[in-house]
Amino acid sequence: MKISTVITICTLITVILAYSQPVYRLLADPEGQYPRLGACPDEHACIFPPDVSQFLPGAFFDLRVELHAYDAANATSPVPYTSFKTSVRRNGIGSWVSADRFFDFRESPVLENWNFTWTNNIESYTGQEPGIPVTVTSRIWRKVKFNEPGIYDVAVQYGPKRSYTVRYVVVEPKSPKKKAKNAILFISDGTNVGMITAARSLARMHTSGKYHDLLSFEDFDHLGHILTNSVDGLVTDSANSASSYSSGHKSSVNALGVYVDSSPDPFDDPKVELITELIRRRQPGKAIGIVTTAYGQDATPSAFWVHTRKRSEYAHIVDQLTYGVANWTTPVLPDVWLAGGAEYFKGPLSLNKTNYYDVLARKGYQLVFNKKELLNYHDGNKLFGSFRINNLDTWIERNIFVNNTVGNKAAPDLSGKDQLGSNQPGLADMTIKALEVLKKRGGNDGFFLMSEAASVDKQLHTLDFSRSWAELLEMDQTIKKTVEWLKKNGEYEDTLIIFTADHSHGFDVWGSVDQRYIHSRTTDRDMRDSIGVYATSGWPGYFDKDGDGFPDNWNPEITLAAGTNNGPDHTEAWDFSASGPRLPAILQDDAYVSNPADQQGNYGAGIDWHGNLPVYEAQGVHSMADVFCYSNGPGSELFKKTFENWQLFFHLTEALDLQKPAKHEG
């Protein structure tokens with residue numbers, strides 16, 4: 001054989017090996033604010049779920065591969081990739097197997113194509129420059145799973161020496177030391193440790209600086225620490241963060257139960273299985289409840305049954321509550337669902353103007369529409385409560401300034417009548433009623449309940465600190481009453497209770513404010529003397545003499561000097577906004593400026609607070625700070641250290657003994 005022939009053969013072998021043997025490399029997230037697509041570090045290839053994702057054996061997910069053709073130096077649309085190969089290998093040994101063969105697909109999924117524009121910098125985001133056209137070629141393998149624990153590599157090859165590989169871990173199922181029959185996940189949306197400290201100072205008596213007692217959850221068995229960032233950024237929203245809890249997967253802002261692909265369709269993104277769906281498959285006798293003071297289509301509650309990359313698809317979210325997702329698992333159809341958001345269940349905003357009240361009634365739900373109907377329900381049928389249009393009113397509007405709800409035209413039958421705050425149930429009302437129904441329906445199989453104090457976050461966004469404190473204190477009282485109910489009904493020893501937040505706001509207290517003094521001064525410089533710090537911080541004038549867990553007076557002479565580390569332009573005087581929830585800024589000439597009608601800011605006469613956000617932001621934003629995790633009961637030891645938000649799912653499934661595939665599941 002000629003030497004030239006040997007060289008040619010060796011060269012061909014080298015090329016073939018280079019093409020057929022992808023190599024896994026652990027890549028760091030790249031620097032930048034405007035990635036081409038989140039969790040997609042390769043120059044042209046994307047695989048979802050992304051690198052270092054973790055799964056339970058037998059848990060369903062969708063596998064999407066995308067190839068992006070673009071020319072950063074040329075604004076024309078490039079020619080798309082026409083072919084690529086996707087392969088899977090287990091435990092880093094043996095031959096790579098095509099994804100079709102590995103997942104038992106008789107035919108390859110249809111090749112999809114679409115285009116999008118990569119907003120690659122601030123100039124393109126603000127319209128000063130065009131973005132970069134990207135042409136996409138993609139395939140998606142729907143409803144696949146890994147049955148055995150181990151390490152799985154998934155690779156896409158799109159050229160002789162062009163490939164990208166991700167590595168997944170399928171965990172070895174763990175059995176709990178003591179199985180939790182029941183689990184309650186309390187989420188105080190947007191709450192940080194500073195909020196807990198502030199709420200304690202309002203509602204707990206102290207002598208010589210020593211508190212007589214702490215908040216109810218501060219007596220729990222364990223305290224942990226949760227990292228909240230998203231898959232592609234420092235700061236998360238409620239959709240992605242709650243979805244991390246419900247699925248065990250980090251995702252992107254606005255995404256629920258999916259990883260975000262680049263297609264324009266908000267419902268074709270690759271799904272991951274939720275804990276509620278897993279319960280329906282592996283412990284079908286267990287009852288499921290969802291309770292929130294928000295509109296029920298909001299991000300946190302819907303993270304426990306929804307799959308979409310766009311949290312604002314409210315009409316479709318209601319449809320998924322009722323019918324689930326096609327070609328996926330059976331619908332969650334929670335045994336108890338109590339919330340606001342009536343406008344998406346019938347009338348012009350519902351999907352195809354469907355009357356979902358009628359649909360739910362046909363599916364066996366008892367429907368209730370106000371506090372009285374809720375409290376008077378004592379049967380064992382599935383329970384659905386829709387208590388007003390949009391969010392429930394805040395605790396202060398439901399309990400103190402009910403007149404602020406006159407004229408809200410928020411009746412859940414969409415009649416245009418008012419739904420007064422006094423007719424709306426509180427978080428404790430809904431949670432205890434949910435427990436009553438769930439105990440009846442779950443029986444020996446137990447229950448899972450998610451209960452959310454939603455307006456801690458909503459009031460922190462608008463810098464309405466008094467209302468946010470009241471919402472957190474309502475959660476505190478709800479947890480107290482829950483523990484009492486569990487003990488009374490023989491469920492306490494078998495129930496895991498978790499209290500956490502989905503993300504933080506940059507809130508804290510740095511002293512006190514003398515309301516008399518600040519209102520007697522007219523310049524910023526003089527008004528700032530009203531703030532007492534260190535030795536002059538003293539004590540605020542909040543007292544709970546009737547012992548209901550809330551201050552008797554929400555507008556004392558000495559209040560808290562409190563705030564967040566970000567916000568729009570506004571004025572601040574720390575007044576109590578008795579006329580209704582705060583609106584700190586208004587739109588003027590394409591920018592948000594201080595609102596002269598803001599009572600908490602003394603109608604524009606308070607201290608000028610210069611914003612530190614883009615001028616199109618009307619309110620404060622979340623922070624990247626870690627959040628607390630209080631836990632109590634069987635399995636609570638799993639939550640006592642520092643861990644990431646996606647790991648809460650794995651701790652919870654371990655405590656509930658959900659990690660092993662059930663004999664009956666498909």
# chains A, B, ... in the order shown; residues from 1 in each chain; ligands from 1
call {"tool": "closest_atom_pairs", "arguments": {"of": "region 146-211 of chain A", "to": "region 424-435 of chain A", "cutoff": "12 Å", "atoms": "only C-alpha atoms", "output": "JSON lines"}}
result
{"residue": "A:Asn182", "atom": "CA", "partner": "A:Leu435", "partner_atom": "CA", "distance": 10.3}
{"residue": "A:Ala183", "atom": "CA", "partner": "A:Leu435", "partner_atom": "CA", "distance": 10.9}
{"residue": "A:Ile184", "atom": "CA", "partner": "A:Leu435", "partner_atom": "CA", "distance": 9.6}
{"residue": "A:Leu185", "atom": "CA", "partner": "A:Thr431", "partner_atom": "CA", "distance": 11.1}
{"residue": "A:Phe186", "atom": "CA", "partner": "A:Thr431", "partner_atom": "CA", "distance": 9.9}
{"residue": "A:Ile187", "atom": "CA", "partner": "A:Leu427", "partner_atom": "CA", "distance": 11.6}
{"residue": "A:Ser188", "atom": "CA", "partner": "A:Leu427", "partner_atom": "CA", "distance": 11.2}
call {"tool": "residues_around", "arguments": {"residues": "Ala605 (chain A)", "least_positions_apart": "6", "cutoff": "9 Å", "atoms": "only C-alpha atoms", "output": "ChimeraX atom specification"}}
result
/A:519,522-523,571-573,596
call {"tool": "write_last_selection", "arguments": {"atoms": "C-alpha atoms", "output": "mmCIF file, in the first residue's frame"}}
result
data_model
loop_
_atom_site.group_PDB
_atom_site.id
_atom_site.type_symbol
_atom_site.label_atom_id
_atom_site.label_comp_id
_atom_site.auth_asym_id
_atom_site.auth_seq_id
_atom_site.Cartn_x
_atom_site.Cartn_y
_atom_site.Cartn_z
ATOM 1 C CA HIS A 519 -44.424 66.819 58.793
ATOM 2 C CA THR A 522 -40.268 71.479 54.422
ATOM 3 C CA THR A 523 -36.775 70.789 53.100
ATOM 4 C CA THR A 571 -41.220 61.055 47.591
ATOM 5 C CA GLU A 572 -41.068 59.369 50.987
ATOM 6 C CA ALA A 573 -42.555 60.437 54.315
ATOM 7 C CA PRO A 596 -48.127 64.132 43.764
#
call {"tool": "select_by_dssp", "arguments": {"residues": "region 108-214 of chain A", "states": "helix (DSSP H, G or I)", "output": "list in words"}}
result
Ile122, Glu123, Ser124, Tyr125, Val193, Gly194, Met195, Ile196, Thr197, Ala198, Ala199, Arg200, Ser201, Leu202 and Ala203 of chain A
call {"tool": "closest_atom_pairs", "arguments": {"of": "region 283-353 of chain A", "to": "region 472-481 of chain A", "cutoff": "12 Å", "atoms": "only C-alpha atoms", "output": "tab-separated table"}}
result
residue	atom	partner	partner_atom	distance
A:Val291	CA	A:Thr478	CA	11.8
A:Thr292	CA	A:Met475	CA	10.8
A:Thr293	CA	A:Met475	CA	10.5
call {"tool": "write_last_selection", "arguments": {"atoms": "N, CA and C atoms", "output": "JSON list (two decimals), in the first residue's frame"}}
result
[["chain", "number", "residue", "atom", "x", "y", "z"],
["A", 291, "VAL", "N", -53.87, 27.49, 47.06],
["A", 291, "VAL", "CA", -54.52, 28.64, 47.70],
["A", 291, "VAL", "C", -53.63, 29.86, 47.50],
["A", 292, "THR", "N", -54.22, 30.99, 47.15],
["A", 292, "THR", "CA", -53.44, 32.22, 47.01],
["A", 292, "THR", "C", -54.33, 33.43, 47.22],
["A", 293, "THR", "N", -53.73, 34.52, 47.68],
["A", 293, "THR", "CA", -54.45, 35.79, 47.76],
["A", 293, "THR", "C", -54.31, 36.59, 46.46]]
call {"tool": "closest_residue", "arguments": {"among": "A:Tyr344, A:Phe465, A:Phe499, A:Trp485", "to": "Asn555 (chain A)", "atoms": "only C-alpha atoms"}}
result
A:Phe465
call {"tool": "closest_residue", "arguments": {"among": "A:Leu321, A:Lys458, A:Asn391, A:His610", "to": "Tyr356 (chain A)", "atoms": "only C-alpha atoms"}}
result
A:Leu321
call {"tool": "residues_around", "arguments": {"residues": "Val65 (chain A)", "least_positions_apart": "3", "cutoff": "9 Å", "atoms": "only C-alpha atoms", "output": "PyMOL selection string"}}
result
chain A and resi 45-48+86+137-141+156
call {"tool": "atom_distance", "arguments": {"atom1": "CA of Val136 (chain A)", "atom2": "CA of Glu112 (chain A)"}}
result
7.9 Å
call {"tool": "closest_residue", "arguments": {"among": "A:Asp552, A:Ala69, A:Gly633, A:Thr536", "to": "Lys487 (chain A)", "atoms": "only C-alpha atoms"}}
result
A:Gly633
call {"tool": "residues_around", "arguments": {"residues": "Gly285 (chain A)", "least_positions_apart": "3", "cutoff": "9 Å", "atoms": "only C-alpha atoms", "output": "compact mmCIF listing (two decimals) with C-alpha atoms, in the first residue's frame"}}
result
# COMPACT_ATOMS: atom_id res chain seq x y z
CA ILE A 279 -48.26 13.03 42.59
CA ARG A 280 -51.14 12.27 40.23
CA ARG A 282 -47.23 8.01 41.57
CA ARG A 441 -60.35 13.60 50.07
CA GLY A 442 -56.81 12.36 50.68
CA GLY A 443 -57.58 10.12 53.62
CA ASN A 444 -54.71 7.77 54.42
CA ASP A 445 -52.86 8.90 51.28
CA GLY A 446 -52.54 12.44 52.63
CA PHE A 447 -52.33 15.73 50.79
call {"tool": "atom_distance", "arguments": {"atom1": "CA of Leu420 (chain A)", "atom2": "CA of Asp575 (chain A)"}}
result
24.6 Å
call {"tool": "residues_around", "arguments": {"residues": "region 94-101 of chain A", "least_positions_apart": "2", "cutoff": "9 Å", "atoms": "only C-alpha atoms", "output": "number ranges by chain"}}
result
A: 20-22, 85-92, 103-109, 141, 153-155
call {"tool": "write_last_selection", "arguments": {"atoms": "C-alpha atoms", "output": "PDB file, in the first residue's frame"}}
result
ATOM      1  CA  SER A  20     -18.717  10.569  15.740  1.00  0.00           C
ATOM      2  CA  GLN A  21     -17.246  11.210  19.181  1.00  0.00           C
ATOM      3  CA  PRO A  22     -18.666  14.338  20.830  1.00  0.00           C
ATOM      4  CA  LYS A  85     -27.477  14.433  14.507  1.00  0.00           C
ATOM      5  CA  THR A  86     -28.631  14.076  18.113  1.00  0.00           C
ATOM      6  CA  SER A  87     -27.205  11.236  20.201  1.00  0.00           C
ATOM      7  CA  VAL A  88     -27.426   9.969  23.782  1.00  0.00           C
ATOM      8  CA  ARG A  89     -24.965   8.026  25.897  1.00  0.00           C
ATOM      9  CA  ARG A  90     -25.254   6.730  29.460  1.00  0.00           C
ATOM     10  CA  ASN A  91     -22.523   6.937  32.113  1.00  0.00           C
ATOM     11  CA  GLY A  92     -19.916   8.179  29.640  1.00  0.00           C
ATOM     12  CA  PHE A 103     -36.222   7.128  23.341  1.00  0.00           C
ATOM     13  CA  ASP A 104     -38.022   4.544  21.160  1.00  0.00           C
ATOM     14  CA  PHE A 105     -39.203   6.884  18.415  1.00  0.00           C
ATOM     15  CA  ARG A 106     -40.076   5.006  15.244  1.00  0.00           C
ATOM     16  CA  GLU A 107     -39.583   8.177  13.233  1.00  0.00           C
ATOM     17  CA  SER A 108     -37.562  11.288  13.851  1.00  0.00           C
ATOM     18  CA  PRO A 109     -39.583  14.279  15.034  1.00  0.00           C
ATOM     19  CA  TRP A 141     -38.701  14.764  21.326  1.00  0.00           C
ATOM     20  CA  ASP A 153     -24.864  12.853  27.859  1.00  0.00           C
ATOM     21  CA  VAL A 154     -26.892  14.334  25.007  1.00  0.00           C
ATOM     22  CA  ALA A 155     -24.958  15.654  22.018  1.00  0.00           C
TER      23      ALA A 155
END
call {"tool": "closest_residue", "arguments": {"among": "A:Ser53, A:Ser246, A:Asn115, A:Thr564", "to": "His68 (chain A)", "atoms": "only C-alpha atoms"}}
result
A:Asn115
call {"tool": "residues_around", "arguments": {"residues": "Gly604 (chain A)", "least_positions_apart": "4", "cutoff": "9 Å", "atoms": "only C-alpha atoms", "output": "list in words"}}
result
His570, Thr571, Glu572, Ser594, Asn595, Pro596, Ala597, Asp598, Gln599 and Asp608 of chain A
call {"tool": "write_last_selection", "arguments": {"atoms": "N, CA, C and O atoms", "output": "PDB file, in the first residue's frame"}}
result
ATOM      1  N   HIS A 570     -39.762  58.987  43.487  1.00  0.00           N
ATOM      2  CA  HIS A 570     -40.940  59.158  44.336  1.00  0.00           C
ATOM      3  C   HIS A 570     -40.552  60.035  45.509  1.00  0.00           C
ATOM      4  O   HIS A 570     -39.381  60.406  45.657  1.00  0.00           O
ATOM      5  N   THR A 571     -41.523  60.383  46.331  1.00  0.00           N
ATOM      6  CA  THR A 571     -41.220  61.055  47.591  1.00  0.00           C
ATOM      7  C   THR A 571     -41.552  60.108  48.726  1.00  0.00           C
ATOM      8  O   THR A 571     -42.415  59.232  48.596  1.00  0.00           O
ATOM      9  N   GLU A 572     -40.867  60.281  49.860  1.00  0.00           N
ATOM     10  CA  GLU A 572     -41.068  59.369  50.987  1.00  0.00           C
ATOM     11  C   GLU A 572     -41.217  60.158  52.280  1.00  0.00           C
ATOM     12  O   GLU A 572     -40.379  61.001  52.612  1.00  0.00           O
ATOM     13  N   SER A 594     -42.387  61.081  40.288  1.00  0.00           N
ATOM     14  CA  SER A 594     -43.050  61.063  41.587  1.00  0.00           C
ATOM     15  C   SER A 594     -44.523  61.444  41.457  1.00  0.00           C
ATOM     16  O   SER A 594     -44.878  62.390  40.745  1.00  0.00           O
ATOM     17  N   ASN A 595     -45.375  60.708  42.173  1.00  0.00           N
ATOM     18  CA  ASN A 595     -46.826  60.918  42.120  1.00  0.00           C
ATOM     19  C   ASN A 595     -47.236  61.950  43.173  1.00  0.00           C
ATOM     20  O   ASN A 595     -47.128  61.687  44.372  1.00  0.00           O
ATOM     21  N   PRO A 596     -47.746  63.108  42.781  1.00  0.00           N
ATOM     22  CA  PRO A 596     -48.127  64.132  43.764  1.00  0.00           C
ATOM     23  C   PRO A 596     -49.349  63.750  44.600  1.00  0.00           C
ATOM     24  O   PRO A 596     -49.631  64.400  45.610  1.00  0.00           O
ATOM     25  N   ALA A 597     -50.058  62.681  44.200  1.00  0.00           N
ATOM     26  CA  ALA A 597     -51.223  62.231  44.969  1.00  0.00           C
ATOM     27  C   ALA A 597     -50.887  61.090  45.920  1.00  0.00           C
ATOM     28  O   ALA A 597     -51.787  60.490  46.517  1.00  0.00           O
ATOM     29  N   ASP A 598     -49.621  60.809  46.103  1.00  0.00           N
ATOM     30  CA  ASP A 598     -49.172  59.688  46.945  1.00  0.00           C
ATOM     31  C   ASP A 598     -49.181  60.097  48.416  1.00  0.00           C
ATOM     32  O   ASP A 598     -48.342  60.892  48.851  1.00  0.00           O
ATOM     33  N   GLN A 599     -50.114  59.537  49.185  1.00  0.00           N
ATOM     34  CA  GLN A 599     -50.235  59.908  50.597  1.00  0.00           C
ATOM     35  C   GLN A 599     -49.017  59.488  51.409  1.00  0.00           C
ATOM     36  O   GLN A 599     -48.565  60.218  52.292  1.00  0.00           O
ATOM     37  N   ASP A 608     -37.405  63.775  48.651  1.00  0.00           N
ATOM     38  CA  ASP A 608     -37.233  63.372  47.248  1.00  0.00           C
ATOM     39  C   ASP A 608     -36.366  62.116  47.182  1.00  0.00           C
ATOM     40  O   ASP A 608     -35.235  62.113  47.687  1.00  0.00           O
TER      41      ASP A 608
END
call {"tool": "closest_residue", "arguments": {"among": "A:Glu373, A:Asp590, A:Asp237, A:Glu484", "to": "Ser623 (chain A)", "atoms": "only C-alpha atoms"}}
result
A:Asp237
call {"tool": "atom_distance", "arguments": {"atom1": "CA of Pro50 (chain A)", "atom2": "CA of Ile151 (chain A)"}}
result
14.0 Å
call {"tool": "select_by_dssp", "arguments": {"residues": "region 202-309 of chain A", "states": "strand (DSSP E or B)", "output": "mmCIF file with N, CA, C and O atoms, in the first residue's frame"}}
result
data_model
loop_
_atom_site.group_PDB
_atom_site.id
_atom_site.type_symbol
_atom_site.label_atom_id
_atom_site.label_comp_id
_atom_site.auth_asym_id
_atom_site.auth_seq_id
_atom_site.Cartn_x
_atom_site.Cartn_y
_atom_site.Cartn_z
ATOM 1 N N HIS A 206 -42.039 43.443 73.439
ATOM 2 C CA HIS A 206 -40.684 43.253 73.952
ATOM 3 C C HIS A 206 -40.509 44.096 75.211
ATOM 4 O O HIS A 206 -41.144 45.152 75.378
ATOM 5 N N THR A 207 -39.670 43.644 76.094
ATOM 6 C CA THR A 207 -39.330 44.359 77.330
ATOM 7 C C THR A 207 -37.817 44.346 77.487
ATOM 8 O O THR A 207 -37.183 43.302 77.341
ATOM 9 N N LYS A 210 -36.010 42.610 74.807
ATOM 10 C CA LYS A 210 -36.159 41.164 74.628
ATOM 11 C C LYS A 210 -37.605 40.837 74.256
ATOM 12 O O LYS A 210 -38.537 41.211 74.978
ATOM 13 N N TYR A 211 -37.749 40.143 73.153
ATOM 14 C CA TYR A 211 -39.102 39.791 72.688
ATOM 15 C C TYR A 211 -39.720 38.732 73.593
ATOM 16 O O TYR A 211 -39.065 37.774 73.994
ATOM 17 N N HIS A 222 -36.178 23.520 61.709
ATOM 18 C CA HIS A 222 -34.963 23.814 60.949
ATOM 19 C C HIS A 222 -35.105 25.118 60.175
ATOM 20 O O HIS A 222 -36.204 25.537 59.813
ATOM 21 N N LEU A 223 -33.953 25.724 59.905
ATOM 22 C CA LEU A 223 -33.892 26.942 59.103
ATOM 23 C C LEU A 223 -32.808 26.776 58.053
ATOM 24 O O LEU A 223 -31.659 26.466 58.369
ATOM 25 N N GLY A 224 -33.173 26.963 56.803
ATOM 26 C CA GLY A 224 -32.231 26.868 55.693
ATOM 27 C C GLY A 224 -32.174 28.156 54.899
ATOM 28 O O GLY A 224 -32.760 29.183 55.266
ATOM 29 N N HIS A 225 -31.507 28.069 53.759
ATOM 30 C CA HIS A 225 -31.122 29.242 52.992
ATOM 31 C C HIS A 225 -31.200 28.857 51.518
ATOM 32 O O HIS A 225 -30.586 27.872 51.113
ATOM 33 N N ILE A 226 -31.961 29.594 50.693
ATOM 34 C CA ILE A 226 -32.192 29.192 49.303
ATOM 35 C C ILE A 226 -31.667 30.248 48.335
ATOM 36 O O ILE A 226 -31.964 31.439 48.465
ATOM 37 N N LEU A 227 -30.900 29.785 47.329
ATOM 38 C CA LEU A 227 -30.443 30.641 46.239
ATOM 39 C C LEU A 227 -31.564 30.731 45.205
ATOM 40 O O LEU A 227 -32.182 29.721 44.863
ATOM 41 N N LEU A 256 -43.104 29.030 32.959
ATOM 42 C CA LEU A 256 -43.779 28.157 33.911
ATOM 43 C C LEU A 256 -43.729 26.716 33.411
ATOM 44 O O LEU A 256 -44.325 26.383 32.389
ATOM 45 N N VAL A 258 -41.528 25.028 31.908
ATOM 46 C CA VAL A 258 -40.862 24.785 30.624
ATOM 47 C C VAL A 258 -39.482 25.426 30.660
ATOM 48 O O VAL A 258 -39.196 26.312 31.477
ATOM 49 N N LYS A 271 -41.253 20.988 27.966
ATOM 50 C CA LYS A 271 -41.855 20.893 29.298
ATOM 51 C C LYS A 271 -41.023 19.995 30.212
ATOM 52 O O LYS A 271 -40.268 19.138 29.758
ATOM 53 N N VAL A 272 -41.222 20.214 31.524
ATOM 54 C CA VAL A 272 -40.695 19.318 32.555
ATOM 55 C C VAL A 272 -41.844 18.981 33.488
ATOM 56 O O VAL A 272 -42.773 19.773 33.665
ATOM 57 N N ALA A 287 -54.450 14.025 47.863
ATOM 58 C CA ALA A 287 -55.201 15.214 47.458
ATOM 59 C C ALA A 287 -54.251 16.395 47.268
ATOM 60 O O ALA A 287 -53.207 16.488 47.914
ATOM 61 N N ILE A 288 -54.637 17.324 46.393
ATOM 62 C CA ILE A 288 -53.810 18.479 46.044
ATOM 63 C C ILE A 288 -54.629 19.748 46.218
ATOM 64 O O ILE A 288 -55.778 19.827 45.768
ATOM 65 N N GLY A 289 -54.037 20.756 46.863
ATOM 66 C CA GLY A 289 -54.708 22.036 47.037
ATOM 67 C C GLY A 289 -53.822 23.201 46.661
ATOM 68 O O GLY A 289 -52.599 23.164 46.859
ATOM 69 N N ILE A 290 -54.432 24.254 46.107
ATOM 70 C CA ILE A 290 -53.723 25.476 45.730
ATOM 71 C C ILE A 290 -54.529 26.662 46.249
ATOM 72 O O ILE A 290 -55.716 26.810 45.929
ATOM 73 N N VAL A 291 -53.872 27.494 47.055
ATOM 74 C CA VAL A 291 -54.517 28.637 47.701
ATOM 75 C C VAL A 291 -53.630 29.855 47.504
ATOM 76 O O VAL A 291 -52.404 29.783 47.679
ATOM 77 N N THR A 292 -54.217 30.994 47.151
ATOM 78 C CA THR A 292 -53.438 32.223 47.014
ATOM 79 C C THR A 292 -54.329 33.428 47.221
ATOM 80 O O THR A 292 -55.537 33.377 46.955
ATOM 81 N N THR A 293 -53.729 34.524 47.677
ATOM 82 C CA THR A 293 -54.448 35.793 47.756
ATOM 83 C C THR A 293 -54.310 36.593 46.460
ATOM 84 O O THR A 293 -54.823 37.707 46.373
ATOM 85 N N ALA A 294 -53.646 36.042 45.471
ATOM 86 C CA ALA A 294 -53.523 36.677 44.157
ATOM 87 C C ALA A 294 -54.666 36.226 43.254
ATOM 88 O O ALA A 294 -55.521 35.422 43.630
ATOM 89 N N TYR A 295 -54.684 36.738 42.038
ATOM 90 C CA TYR A 295 -55.526 36.123 41.016
ATOM 91 C C TYR A 295 -54.920 34.752 40.725
ATOM 92 O O TYR A 295 -53.704 34.571 40.679
ATOM 93 N N THR A 308 -46.078 26.904 30.105
ATOM 94 C CA THR A 308 -45.998 27.939 29.079
ATOM 95 C C THR A 308 -44.796 28.816 29.360
ATOM 96 O O THR A 308 -44.394 28.962 30.518
#
call {"tool": "residues_around", "arguments": {"residues": "region 330-332 of chain A", "least_positions_apart": "2", "cutoff": "9 Å", "atoms": "only C-alpha atoms", "output": "list in words"}}
result
Thr276, Glu277, Ile279, Arg280, Arg281, Ile288, Phe304, Trp305, Gln320, Leu321, Thr322, Tyr323, Gly324, Val325, Ala326, Asn327, Trp328, Pro334 and Asp335 of chain A
